[in-house]
Amino acid sequence: MPGEMYYDRLSRIETAAHGGIPDRVPVVLMINVFSARHCGVKVSEYIWGGDRALDATLKTAIELNVDGVDFAGAPHPLIYTFGFGAKMRLPGRELGEDELYQFDESQPIMEVEDYDLIIQHGWKAFIPKLIERCVDFMPKQEVFSTLAKIGEETVKAIEKFRENDIVVFMGGATTSPFEMFSTARTISEFFKDLRRYPQKVIDAMKAAMPDVVESAIQTVKASGINRLFFFGARESGGLISPKMYEKFCHPFRKQMIEAFVSAGIEVQLHYDGDWTKNLEYFKDFPSGKIVLHTDGATDIFKAKEILGNRIALKGDVPPAYLTLGTPEKVEVYCRRLIEEVGRGGGFILAQGCDVPINAKFENVKAMVDAAHKYGVYSRE
Amino acid sequence: MGVSLSVLLADLMEEEVIKEVKQALSDGVDPQQIFAELQKGMTEVGERYQAGEYYLPEMLMAADIFKAASALVQDKVKVAGGPKLAKMVLGTVAGDIHDIGKNIVSLIFSGNGFEVIDIGVDVPPERFVEAVKEHKPELVGLSCLLTVAFDSMKATVEALEKAGLRKDVKILIGGGPVTEDTCKYVGADRYCPDAPAGVRIAKEVLGLM
């Protein structure tokens with residue numbers, strides 16, 4: 001059974017996530033690969049899950065004294081394959097034992113003709129091809145039983161964190177067809193597709209969306225935590241024009257978010273890269289249901305100014321501060337975040353993106369300490 | 001030529017550019033002149049990028065069209081391309097396979113009169129050392145998208161130092177998570193926030209402006 005501290009933390013996080021003023025600014029970090037290195041578990045072991053991986057993350061979360069973590073475990077490579085249409089380069093295989101896994105976009109795993117297949121029959125129709133072309137790290141016939149097992153382990157992991165008074169913030173992850181296609185086609189080919197075959201891409205995104213939404217809702221519901229990690233990076237105003245964002249991204253994102261919300265699921269937009277030019281559009285999203293987590297590239301102060309508390313903000317200590325910086329530098333930045341972005345609530349202190357594997361422990365700890373030192377809201 | 005070839009390229013009219021190049025060749029236009037038009041188009045593309053009119057999809061498209069069109073010309077004659085401002089050995093450092101930023105840098109630098117020797121992605125320090133020995137560039141460009149690759153950048157700078165080549169080159173770094181702090185940490189000369197800024201900085205460090 002979780003203790004009183006768990007419920008204090010949960011209420012602190014959920015109050016902020018809904019734009020409210022909690023007792024103090026909560027700290028929710030994504031510490032997965034960082035925790036592996038911190039506890040001496042090789043990444044090549046960590047990514048496959050299991051007790052040692054789970055214990056490393058739990059132990060690190062307790063040691064840091066965070067209120068919550070994004071996820072209990074790191075995504076299994078299959079999750080990336082299914083969630084992103086990605087072929088993986090894996091630690092302990094092409095990469096060193098302790099390197100991060102990466103998407104292999106050297107060759108497309110989806111051809112231009114596959115847009116037609118998806119237009120005709122949905123994203124599900126592409127899954128057999130996806131497995132054939134990407135799953136080279138386990139027997140192909142075990143894919144679905146493994147996915148089911150990952151789901152069961154997630155539930156157990158969340159429970160174990162809860163027993164130790166650590167909140168797990170999200171129950172599953174998804175992304176938009178745009179991001180999936182951009183990985184499966186490779187970003188270089190996909191970005192040219194946007195100019196060469198714009199209508200085909202739009203039709204395929206429309207056709208893929210229902211399957212993607214359905215699968216995300218199922219995953220999150222099964223986890224017992226009704227918040228979804230909704231990834232975005234390549235739709236940002238740092239990479240594509242506002243005109244393209246309006247045409248290829250915003251209507252789809254909006255429709256997906258509305259579908260999640262009407263299924264009783266809240267959303268964290270995990271947005272990497274510079275989305276400053278897109279902030280105005282986010283006013284279209286349902287108020288009070290969304291957390292926007294930025295990575296230091298988006299101007300989070302501008303986000304506060306534009307979005308107020310209708311969308312909660314989470315972030316955004318730049319990863320480079322955590323690796324190359326000092327606790328003092330991290331503290332100064334966190335204080336500014338708390339005072340400016342945390343003003344009036346609706347703010348969760350976090351790193352940008354995820355805590356880098358080579359972050360210094362004392363720098364990560366400095367974030368948590370800053371929330372305790374500067375983040376207490378006065379009761380007036 | 002009808003509408004100028006450089007304008008067609010700057011407007012990313014893929015089929016029209018290829019058709020126009022083929023037509024010009026069969027009309028006996030000097031391939032050198034055709035190539036110069038294509039380069040002019042790429043300079044315009046770079047300017048539109050800098051002006052915030054073009055983004056990554058447009059850059060990738062331009063690069064593709066330029067590659068296909070200049071291949072047609074180079075088939076016919078060895079294009080010298082004129083004198084170069086300076087030479088740069090460019091690569092994404094060890095442990096990082098991201099190539100798009102690097103490719104954009106290569107494109108923008110080439111379009112601005114630099115000779116770029118692109119040695120690829122996941123390049124270990126010793127390969128940078130070999131490339132510098134072989135090509136004797138004025139500039140070395142290090143790219144990365146992963147924070148963990150900062151250590152590879154540092155190792156690359158140290159390897160150049162150890163090989164006694166550091167003083168002969170200016171090292172420019174760039175990529176998603178790279179900042180001024182990274183530049184200090186890895187011991188590079190300058191941090192470039194984006195490719196067009198990189199060109200300006202390159203000219204600055206070489207005393208060309």
# chains A, B, ... in the order shown; residues from 1 in each chain; ligands from 1
call {"tool": "interface_residues", "arguments": {"of": "chain B", "to": "chain A", "cutoff": "8 Å", "atoms": "only C-alpha atoms", "output": "list in words"}}
result
Glu53, Tyr54, Tyr55, Leu56, Pro57, Glu58, Leu60, Met61, Gly95, Ile100, Thr147, Val148, Gly176, Pro177, Val178, Asp181, Thr182 and Tyr185 of chain B
call {"tool": "write_last_selection", "arguments": {"atoms": "N, CA, C and O atoms", "output": "PDB file, in the first residue's frame"}}
result
ATOM      1  N   GLU B  53      12.100  31.810 -44.868  1.00  0.00           N
ATOM      2  CA  GLU B  53      11.084  31.472 -45.851  1.00  0.00           C
ATOM      3  C   GLU B  53      11.132  29.967 -46.124  1.00  0.00           C
ATOM      4  O   GLU B  53      10.110  29.323 -46.293  1.00  0.00           O
ATOM      5  N   TYR B  54      12.340  29.445 -46.158  1.00  0.00           N
ATOM      6  CA  TYR B  54      12.527  28.011 -46.361  1.00  0.00           C
ATOM      7  C   TYR B  54      12.917  27.335 -45.052  1.00  0.00           C
ATOM      8  O   TYR B  54      13.600  27.926 -44.212  1.00  0.00           O
ATOM      9  N   TYR B  55      12.477  26.086 -44.926  1.00  0.00           N
ATOM     10  CA  TYR B  55      12.782  25.269 -43.758  1.00  0.00           C
ATOM     11  C   TYR B  55      13.452  23.988 -44.233  1.00  0.00           C
ATOM     12  O   TYR B  55      13.833  23.875 -45.394  1.00  0.00           O
ATOM     13  N   LEU B  56      13.560  23.028 -43.311  1.00  0.00           N
ATOM     14  CA  LEU B  56      14.281  21.807 -43.657  1.00  0.00           C
ATOM     15  C   LEU B  56      13.724  21.070 -44.887  1.00  0.00           C
ATOM     16  O   LEU B  56      14.512  20.645 -45.739  1.00  0.00           O
ATOM     17  N   PRO B  57      12.402  20.897 -45.028  1.00  0.00           N
ATOM     18  CA  PRO B  57      11.924  20.173 -46.214  1.00  0.00           C
ATOM     19  C   PRO B  57      12.378  20.832 -47.517  1.00  0.00           C
ATOM     20  O   PRO B  57      12.761  20.138 -48.464  1.00  0.00           O
ATOM     21  N   GLU B  58      12.364  22.159 -47.548  1.00  0.00           N
ATOM     22  CA  GLU B  58      12.765  22.872 -48.761  1.00  0.00           C
ATOM     23  C   GLU B  58      14.260  22.699 -49.025  1.00  0.00           C
ATOM     24  O   GLU B  58      14.694  22.572 -50.168  1.00  0.00           O
ATOM     25  N   LEU B  60      16.115  20.116 -48.109  1.00  0.00           N
ATOM     26  CA  LEU B  60      16.362  18.742 -48.550  1.00  0.00           C
ATOM     27  C   LEU B  60      15.965  18.576 -50.015  1.00  0.00           C
ATOM     28  O   LEU B  60      16.641  17.919 -50.800  1.00  0.00           O
ATOM     29  N   MET B  61      14.849  19.224 -50.362  1.00  0.00           N
ATOM     30  CA  MET B  61      14.361  19.168 -51.742  1.00  0.00           C
ATOM     31  C   MET B  61      15.370  19.839 -52.679  1.00  0.00           C
ATOM     32  O   MET B  61      15.722  19.286 -53.724  1.00  0.00           O
ATOM     33  N   GLY B  95      29.733   7.847 -32.353  1.00  0.00           N
ATOM     34  CA  GLY B  95      28.604   7.525 -31.479  1.00  0.00           C
ATOM     35  C   GLY B  95      27.315   8.204 -31.891  1.00  0.00           C
ATOM     36  O   GLY B  95      26.287   8.034 -31.252  1.00  0.00           O
ATOM     37  N   ILE B 100      21.462  14.899 -40.918  1.00  0.00           N
ATOM     38  CA  ILE B 100      20.755  15.963 -41.623  1.00  0.00           C
ATOM     39  C   ILE B 100      21.386  17.332 -41.402  1.00  0.00           C
ATOM     40  O   ILE B 100      21.622  18.077 -42.349  1.00  0.00           O
ATOM     41  N   THR B 147      23.647  14.618 -26.817  1.00  0.00           N
ATOM     42  CA  THR B 147      24.454  15.225 -25.761  1.00  0.00           C
ATOM     43  C   THR B 147      25.663  14.341 -25.435  1.00  0.00           C
ATOM     44  O   THR B 147      26.738  14.836 -25.135  1.00  0.00           O
ATOM     45  N   VAL B 148      25.465  13.030 -25.504  1.00  0.00           N
ATOM     46  CA  VAL B 148      26.569  12.124 -25.174  1.00  0.00           C
ATOM     47  C   VAL B 148      27.729  12.252 -26.160  1.00  0.00           C
ATOM     48  O   VAL B 148      28.852  11.851 -25.850  1.00  0.00           O
ATOM     49  N   GLY B 176      21.981  20.165 -32.650  1.00  0.00           N
ATOM     50  CA  GLY B 176      20.866  20.403 -31.739  1.00  0.00           C
ATOM     51  C   GLY B 176      21.218  20.892 -30.342  1.00  0.00           C
ATOM     52  O   GLY B 176      20.868  22.007 -29.969  1.00  0.00           O
ATOM     53  N   PRO B 177      21.904  20.076 -29.522  1.00  0.00           N
ATOM     54  CA  PRO B 177      22.105  20.451 -28.117  1.00  0.00           C
ATOM     55  C   PRO B 177      23.365  21.288 -27.877  1.00  0.00           C
ATOM     56  O   PRO B 177      23.680  21.611 -26.736  1.00  0.00           O
ATOM     57  N   VAL B 178      24.085  21.629 -28.935  1.00  0.00           N
ATOM     58  CA  VAL B 178      25.381  22.303 -28.786  1.00  0.00           C
ATOM     59  C   VAL B 178      25.171  23.775 -28.409  1.00  0.00           C
ATOM     60  O   VAL B 178      24.298  24.441 -28.947  1.00  0.00           O
ATOM     61  N   ASP B 181      28.752  26.739 -24.172  1.00  0.00           N
ATOM     62  CA  ASP B 181      29.384  25.938 -23.116  1.00  0.00           C
ATOM     63  C   ASP B 181      30.033  24.689 -23.688  1.00  0.00           C
ATOM     64  O   ASP B 181      31.110  24.278 -23.265  1.00  0.00           O
ATOM     65  N   THR B 182      29.345  24.079 -24.653  1.00  0.00           N
ATOM     66  CA  THR B 182      29.891  22.881 -25.294  1.00  0.00           C
ATOM     67  C   THR B 182      31.215  23.229 -25.965  1.00  0.00           C
ATOM     68  O   THR B 182      32.184  22.476 -25.907  1.00  0.00           O
ATOM     69  N   TYR B 185      33.840  23.374 -23.493  1.00  0.00           N
ATOM     70  CA  TYR B 185      34.095  22.032 -22.965  1.00  0.00           C
ATOM     71  C   TYR B 185      34.932  21.191 -23.922  1.00  0.00           C
ATOM     72  O   TYR B 185      35.871  20.529 -23.511  1.00  0.00           O
TER      73      TYR B 185
END
call {"tool": "residues_around", "arguments": {"residues": "range 259-266 of chain A", "least_positions_apart": "4", "cutoff": "10 Å", "atoms": "only C-alpha atoms", "output": "PyMOL selection string"}}
result
chain A and resi 17-18+170-171+210+213-214+216-217+220-221+225-230+253-255+285-286+288-291
call {"tool": "residues_around", "arguments": {"residues": "range 25-27 of chain B", "least_positions_apart": "2", "cutoff": "12 Å", "atoms": "only C-alpha atoms", "output": "list in words"}}
result
Met1, Ile18, Lys19, Glu20, Val21, Lys22, Gln23, Val29, Asp30, Pro31, Gln32, Gln33, Ile34, Phe35, Ala69, Ser70, Leu72, Val73, Gln74, Asp75, Lys76 and Val77 of chain B
call {"tool": "atom_distance", "arguments": {"atom1": "CA of Ile150 in chain A", "atom2": "CA of Lys124 in chain A"}}
result
19.7 Å
call {"tool": "select_by_dssp", "arguments": {"residues": "range 151-238 of chain A", "states": "alpha helix (DSSP H)", "output": "PDB file with N, CA and C atoms, in the first residue's frame"}}
result
ATOM      1  N   GLY A 151       3.149  -5.114 -21.498  1.00  0.00           N
ATOM      2  CA  GLY A 151       1.993  -4.471 -20.859  1.00  0.00           C
ATOM      3  C   GLY A 151       1.831  -4.928 -19.413  1.00  0.00           C
ATOM      4  N   GLU A 152       1.946  -6.243 -19.198  1.00  0.00           N
ATOM      5  CA  GLU A 152       1.802  -6.777 -17.833  1.00  0.00           C
ATOM      6  C   GLU A 152       2.919  -6.257 -16.927  1.00  0.00           C
ATOM      7  N   GLU A 153       4.132  -6.238 -17.456  1.00  0.00           N
ATOM      8  CA  GLU A 153       5.263  -5.763 -16.641  1.00  0.00           C
ATOM      9  C   GLU A 153       5.129  -4.289 -16.291  1.00  0.00           C
ATOM     10  N   THR A 154       4.545  -3.514 -17.219  1.00  0.00           N
ATOM     11  CA  THR A 154       4.339  -2.089 -16.954  1.00  0.00           C
ATOM     12  C   THR A 154       3.429  -1.913 -15.744  1.00  0.00           C
ATOM     13  N   VAL A 155       2.355  -2.684 -15.723  1.00  0.00           N
ATOM     14  CA  VAL A 155       1.410  -2.578 -14.608  1.00  0.00           C
ATOM     15  C   VAL A 155       2.111  -2.916 -13.286  1.00  0.00           C
ATOM     16  N   LYS A 156       2.905  -3.987 -13.308  1.00  0.00           N
ATOM     17  CA  LYS A 156       3.626  -4.382 -12.085  1.00  0.00           C
ATOM     18  C   LYS A 156       4.620  -3.303 -11.661  1.00  0.00           C
ATOM     19  N   ALA A 157       5.304  -2.724 -12.642  1.00  0.00           N
ATOM     20  CA  ALA A 157       6.318  -1.710 -12.345  1.00  0.00           C
ATOM     21  C   ALA A 157       5.669  -0.473 -11.709  1.00  0.00           C
ATOM     22  N   ILE A 158       4.533  -0.064 -12.273  1.00  0.00           N
ATOM     23  CA  ILE A 158       3.830   1.113 -11.746  1.00  0.00           C
ATOM     24  C   ILE A 158       3.441   0.858 -10.281  1.00  0.00           C
ATOM     25  N   GLU A 159       2.995  -0.362 -10.022  1.00  0.00           N
ATOM     26  CA  GLU A 159       2.574  -0.725  -8.670  1.00  0.00           C
ATOM     27  C   GLU A 159       3.762  -0.674  -7.702  1.00  0.00           C
ATOM     28  N   LYS A 160       4.913  -1.162  -8.181  1.00  0.00           N
ATOM     29  CA  LYS A 160       6.103  -1.176  -7.327  1.00  0.00           C
ATOM     30  C   LYS A 160       6.550   0.252  -6.991  1.00  0.00           C
ATOM     31  N   PHE A 161       6.466   1.136  -7.965  1.00  0.00           N
ATOM     32  CA  PHE A 161       6.816   2.535  -7.713  1.00  0.00           C
ATOM     33  C   PHE A 161       5.844   3.144  -6.707  1.00  0.00           C
ATOM     34  N   ARG A 162       4.570   2.820  -6.881  1.00  0.00           N
ATOM     35  CA  ARG A 162       3.535   3.358  -6.003  1.00  0.00           C
ATOM     36  C   ARG A 162       3.789   2.921  -4.558  1.00  0.00           C
ATOM     37  N   GLU A 163       4.141   1.646  -4.388  1.00  0.00           N
ATOM     38  CA  GLU A 163       4.431   1.135  -3.036  1.00  0.00           C
ATOM     39  C   GLU A 163       5.593   1.885  -2.400  1.00  0.00           C
ATOM     40  N   PRO A 177       0.817  10.172 -36.935  1.00  0.00           N
ATOM     41  CA  PRO A 177       1.235   9.524 -38.178  1.00  0.00           C
ATOM     42  C   PRO A 177       2.371  10.290 -38.874  1.00  0.00           C
ATOM     43  N   PHE A 178       2.379  11.604 -38.755  1.00  0.00           N
ATOM     44  CA  PHE A 178       3.454  12.408 -39.355  1.00  0.00           C
ATOM     45  C   PHE A 178       4.814  11.953 -38.844  1.00  0.00           C
ATOM     46  N   GLU A 179       4.922  11.849 -37.511  1.00  0.00           N
ATOM     47  CA  GLU A 179       6.208  11.448 -36.926  1.00  0.00           C
ATOM     48  C   GLU A 179       6.546  10.001 -37.313  1.00  0.00           C
ATOM     49  N   MET A 180       5.520   9.141 -37.308  1.00  0.00           N
ATOM     50  CA  MET A 180       5.756   7.735 -37.652  1.00  0.00           C
ATOM     51  C   MET A 180       6.245   7.593 -39.093  1.00  0.00           C
ATOM     52  N   PHE A 181       5.553   8.264 -39.985  1.00  0.00           N
ATOM     53  CA  PHE A 181       5.959   8.190 -41.396  1.00  0.00           C
ATOM     54  C   PHE A 181       7.363   8.774 -41.576  1.00  0.00           C
ATOM     55  N   SER A 182       7.636   9.847 -40.838  1.00  0.00           N
ATOM     56  CA  SER A 182       8.933  10.497 -41.037  1.00  0.00           C
ATOM     57  C   SER A 182      10.074   9.584 -40.601  1.00  0.00           C
ATOM     58  N   THR A 183       9.807   8.725 -39.623  1.00  0.00           N
ATOM     59  CA  THR A 183      10.833   7.768 -39.213  1.00  0.00           C
ATOM     60  C   THR A 183      10.898   6.612 -40.209  1.00  0.00           C
ATOM     61  N   ALA A 184       9.733   6.080 -40.557  1.00  0.00           N
ATOM     62  CA  ALA A 184       9.695   4.895 -41.423  1.00  0.00           C
ATOM     63  C   ALA A 184      10.200   5.210 -42.835  1.00  0.00           C
ATOM     64  N   ILE A 187      13.579  10.807 -42.380  1.00  0.00           N
ATOM     65  CA  ILE A 187      13.198  12.220 -42.388  1.00  0.00           C
ATOM     66  C   ILE A 187      13.518  12.872 -43.742  1.00  0.00           C
ATOM     67  N   SER A 188      14.629  12.497 -44.337  1.00  0.00           N
ATOM     68  CA  SER A 188      15.004  13.128 -45.617  1.00  0.00           C
ATOM     69  C   SER A 188      13.991  12.806 -46.699  1.00  0.00           C
ATOM     70  N   GLU A 189      13.612  11.543 -46.814  1.00  0.00           N
ATOM     71  CA  GLU A 189      12.652  11.164 -47.849  1.00  0.00           C
ATOM     72  C   GLU A 189      11.266  11.730 -47.543  1.00  0.00           C
ATOM     73  N   PHE A 190      10.876  11.639 -46.261  1.00  0.00           N
ATOM     74  CA  PHE A 190       9.535  12.086 -45.901  1.00  0.00           C
ATOM     75  C   PHE A 190       9.349  13.586 -46.161  1.00  0.00           C
ATOM     76  N   PHE A 191      10.350  14.359 -45.803  1.00  0.00           N
ATOM     77  CA  PHE A 191      10.222  15.798 -46.007  1.00  0.00           C
ATOM     78  C   PHE A 191      10.124  16.140 -47.501  1.00  0.00           C
ATOM     79  N   LYS A 192      10.735  15.315 -48.323  1.00  0.00           N
ATOM     80  CA  LYS A 192      10.577  15.524 -49.768  1.00  0.00           C
ATOM     81  C   LYS A 192       9.201  15.026 -50.239  1.00  0.00           C
ATOM     82  N   ASP A 193       8.714  13.953 -49.580  1.00  0.00           N
ATOM     83  CA  ASP A 193       7.354  13.475 -49.904  1.00  0.00           C
ATOM     84  C   ASP A 193       6.327  14.583 -49.684  1.00  0.00           C
ATOM     85  N   LEU A 194       6.550  15.384 -48.642  1.00  0.00           N
ATOM     86  CA  LEU A 194       5.599  16.462 -48.337  1.00  0.00           C
ATOM     87  C   LEU A 194       5.465  17.428 -49.507  1.00  0.00           C
ATOM     88  N   ARG A 195       6.523  17.549 -50.274  1.00  0.00           N
ATOM     89  CA  ARG A 195       6.469  18.434 -51.443  1.00  0.00           C
ATOM     90  C   ARG A 195       6.095  17.668 -52.711  1.00  0.00           C
ATOM     91  N   ARG A 196       6.554  16.404 -52.778  1.00  0.00           N
ATOM     92  CA  ARG A 196       6.312  15.648 -54.016  1.00  0.00           C
ATOM     93  C   ARG A 196       4.907  15.047 -54.075  1.00  0.00           C
ATOM     94  N   PRO A 198       2.033  15.594 -51.651  1.00  0.00           N
ATOM     95  CA  PRO A 198       1.358  16.098 -50.441  1.00  0.00           C
ATOM     96  C   PRO A 198       0.007  15.424 -50.164  1.00  0.00           C
ATOM     97  N   GLN A 199      -0.797  15.222 -51.210  1.00  0.00           N
ATOM     98  CA  GLN A 199      -2.132  14.673 -50.974  1.00  0.00           C
ATOM     99  C   GLN A 199      -2.076  13.220 -50.515  1.00  0.00           C
ATOM    100  N   LYS A 200      -1.150  12.475 -51.084  1.00  0.00           N
ATOM    101  CA  LYS A 200      -0.970  11.067 -50.691  1.00  0.00           C
ATOM    102  C   LYS A 200      -0.615  10.980 -49.209  1.00  0.00           C
ATOM    103  N   VAL A 201       0.296  11.867 -48.784  1.00  0.00           N
ATOM    104  CA  VAL A 201       0.715  11.853 -47.376  1.00  0.00           C
ATOM    105  C   VAL A 201      -0.478  12.189 -46.477  1.00  0.00           C
ATOM    106  N   ILE A 202      -1.223  13.192 -46.852  1.00  0.00           N
ATOM    107  CA  ILE A 202      -2.388  13.591 -46.048  1.00  0.00           C
ATOM    108  C   ILE A 202      -3.408  12.455 -45.967  1.00  0.00           C
ATOM    109  N   ASP A 203      -3.697  11.838 -47.107  1.00  0.00           N
ATOM    110  CA  ASP A 203      -4.674  10.733 -47.115  1.00  0.00           C
ATOM    111  C   ASP A 203      -4.189   9.566 -46.258  1.00  0.00           C
ATOM    112  N   ALA A 204      -2.896   9.279 -46.333  1.00  0.00           N
ATOM    113  CA  ALA A 204      -2.357   8.157 -45.542  1.00  0.00           C
ATOM    114  C   ALA A 204      -2.386   8.491 -44.052  1.00  0.00           C
ATOM    115  N   MET A 205      -2.127   9.747 -43.706  1.00  0.00           N
ATOM    116  CA  MET A 205      -2.185  10.132 -42.284  1.00  0.00           C
ATOM    117  C   MET A 205      -3.608   9.992 -41.760  1.00  0.00           C
ATOM    118  N   LYS A 206      -4.573  10.429 -42.579  1.00  0.00           N
ATOM    119  CA  LYS A 206      -5.983  10.307 -42.189  1.00  0.00           C
ATOM    120  C   LYS A 206      -6.351   8.844 -41.984  1.00  0.00           C
ATOM    121  N   ALA A 207      -5.877   8.007 -42.898  1.00  0.00           N
ATOM    122  CA  ALA A 207      -6.232   6.587 -42.838  1.00  0.00           C
ATOM    123  C   ALA A 207      -5.539   5.879 -41.673  1.00  0.00           C
ATOM    124  N   ALA A 208      -4.353   6.346 -41.320  1.00  0.00           N
ATOM    125  CA  ALA A 208      -3.591   5.682 -40.253  1.00  0.00           C
ATOM    126  C   ALA A 208      -4.089   6.073 -38.865  1.00  0.00           C
ATOM    127  N   MET A 209      -4.635   7.269 -38.775  1.00  0.00           N
ATOM    128  CA  MET A 209      -4.943   7.848 -37.468  1.00  0.00           C
ATOM    129  C   MET A 209      -5.855   6.986 -36.574  1.00  0.00           C
ATOM    130  N   PRO A 210      -6.967   6.459 -37.091  1.00  0.00           N
ATOM    131  CA  PRO A 210      -7.850   5.682 -36.199  1.00  0.00           C
ATOM    132  C   PRO A 210      -7.140   4.499 -35.543  1.00  0.00           C
ATOM    133  N   ASP A 211      -6.299   3.786 -36.281  1.00  0.00           N
ATOM    134  CA  ASP A 211      -5.579   2.639 -35.704  1.00  0.00           C
ATOM    135  C   ASP A 211      -4.600   3.089 -34.627  1.00  0.00           C
ATOM    136  N   VAL A 212      -3.922   4.195 -34.904  1.00  0.00           N
ATOM    137  CA  VAL A 212      -2.927   4.700 -33.948  1.00  0.00           C
ATOM    138  C   VAL A 212      -3.628   5.142 -32.659  1.00  0.00           C
ATOM    139  N   VAL A 213      -4.732   5.838 -32.820  1.00  0.00           N
ATOM    140  CA  VAL A 213      -5.488   6.322 -31.656  1.00  0.00           C
ATOM    141  C   VAL A 213      -6.016   5.141 -30.839  1.00  0.00           C
ATOM    142  N   GLU A 214      -6.595   4.184 -31.516  1.00  0.00           N
ATOM    143  CA  GLU A 214      -7.179   3.037 -30.826  1.00  0.00           C
ATOM    144  C   GLU A 214      -6.122   2.283 -30.014  1.00  0.00           C
ATOM    145  N   SER A 215      -4.984   2.063 -30.643  1.00  0.00           N
ATOM    146  CA  SER A 215      -3.939   1.311 -29.969  1.00  0.00           C
ATOM    147  C   SER A 215      -3.375   2.081 -28.763  1.00  0.00           C
ATOM    148  N   ALA A 216      -3.261   3.401 -28.901  1.00  0.00           N
ATOM    149  CA  ALA A 216      -2.776   4.213 -27.776  1.00  0.00           C
ATOM    150  C   ALA A 216      -3.763   4.166 -26.607  1.00  0.00           C
ATOM    151  N   ILE A 217      -5.042   4.271 -26.923  1.00  0.00           N
ATOM    152  CA  ILE A 217      -6.061   4.258 -25.861  1.00  0.00           C
ATOM    153  C   ILE A 217      -6.027   2.914 -25.126  1.00  0.00           C
ATOM    154  N   GLN A 218      -5.921   1.837 -25.881  1.00  0.00           N
ATOM    155  CA  GLN A 218      -5.858   0.503 -25.260  1.00  0.00           C
ATOM    156  C   GLN A 218      -4.677   0.373 -24.311  1.00  0.00           C
ATOM    157  N   THR A 219      -3.505   0.816 -24.782  1.00  0.00           N
ATOM    158  CA  THR A 219      -2.292   0.700 -23.969  1.00  0.00           C
ATOM    159  C   THR A 219      -2.433   1.461 -22.659  1.00  0.00           C
ATOM    160  N   VAL A 220      -2.894   2.708 -22.776  1.00  0.00           N
ATOM    161  CA  VAL A 220      -2.980   3.545 -21.587  1.00  0.00           C
ATOM    162  C   VAL A 220      -4.024   2.995 -20.615  1.00  0.00           C
ATOM    163  N   LYS A 221      -5.174   2.590 -21.138  1.00  0.00           N
ATOM    164  CA  LYS A 221      -6.221   2.053 -20.265  1.00  0.00           C
ATOM    165  C   LYS A 221      -5.706   0.825 -19.512  1.00  0.00           C
ATOM    166  N   ALA A 222      -4.952  -0.026 -20.223  1.00  0.00           N
ATOM    167  CA  ALA A 222      -4.446  -1.253 -19.599  1.00  0.00           C
ATOM    168  C   ALA A 222      -3.454  -0.944 -18.480  1.00  0.00           C
ATOM    169  N   SER A 223      -2.752   0.194 -18.587  1.00  0.00           N
ATOM    170  CA  SER A 223      -1.736   0.528 -17.585  1.00  0.00           C
ATOM    171  C   SER A 223      -2.365   1.025 -16.284  1.00  0.00           C
TER     172      SER A 223
END
call {"tool": "atom_distance", "arguments": {"atom1": "CA of Leu29 in chain A", "atom2": "CA of Ile79 in chain A"}}
result
20.1 Å
call {"tool": "residues_around", "arguments": {"residues": "range 156-167 of chain B", "least_positions_apart": "6", "cutoff": "9 Å", "atoms": "only C-alpha atoms", "output": "list in words"}}
result
Val93, Ala94, Pro124, Pro125, Glu126, Phe128, Val129, Val132, Lys133, Leu142, Val186, Gly187 and Ala188 of chain B
call {"tool": "atom_distance", "arguments": {"atom1": "CA of Ala71 in chain B", "atom2": "CA of Ile104 in chain B"}}
result
18.8 Å
call {"tool": "residues_around", "arguments": {"residues": "Val66 in chain A", "least_positions_apart": "6", "cutoff": "9 Å", "atoms": "only C-alpha atoms", "output": "MDAnalysis selection string"}}
result
chainID A and resid 26:29 166:167 365 368
call {"tool": "select_by_dssp", "arguments": {"residues": "range 115-341 of chain A", "states": "strand (DSSP E)", "output": "list of chain:residue names"}}
result
A:Val167, A:Val168, A:Gly172, A:Ala173, A:Thr174, A:Thr175, A:Arg227, A:Leu228, A:Phe229, A:Phe230, A:Phe231, A:Gly232, A:Glu266, A:Val267, A:Gln268, A:Leu269, A:His270, A:Tyr271, A:Ile290, A:Val291, A:Leu292, A:His293, A:Thr294, A:Ala312, A:Leu313, A:Lys314, A:Gly315, A:Asp316, A:Val317
call {"tool": "residues_around", "arguments": {"residues": "range 204-206 of chain B", "least_positions_apart": "6", "cutoff": "10 Å", "atoms": "only C-alpha atoms", "output": "number ranges by chain"}}
result
B: 85-86, 138-139, 169-172, 189-190, 198
call {"tool": "residues_around", "arguments": {"residues": "range 327-344 of chain A", "least_positions_apart": "6", "cutoff": "7 Å", "atoms": "only C-alpha atoms", "output": "number ranges by chain"}}
result
A: 21, 301, 304, 321, 362-363, 366-367, 370, 374-375
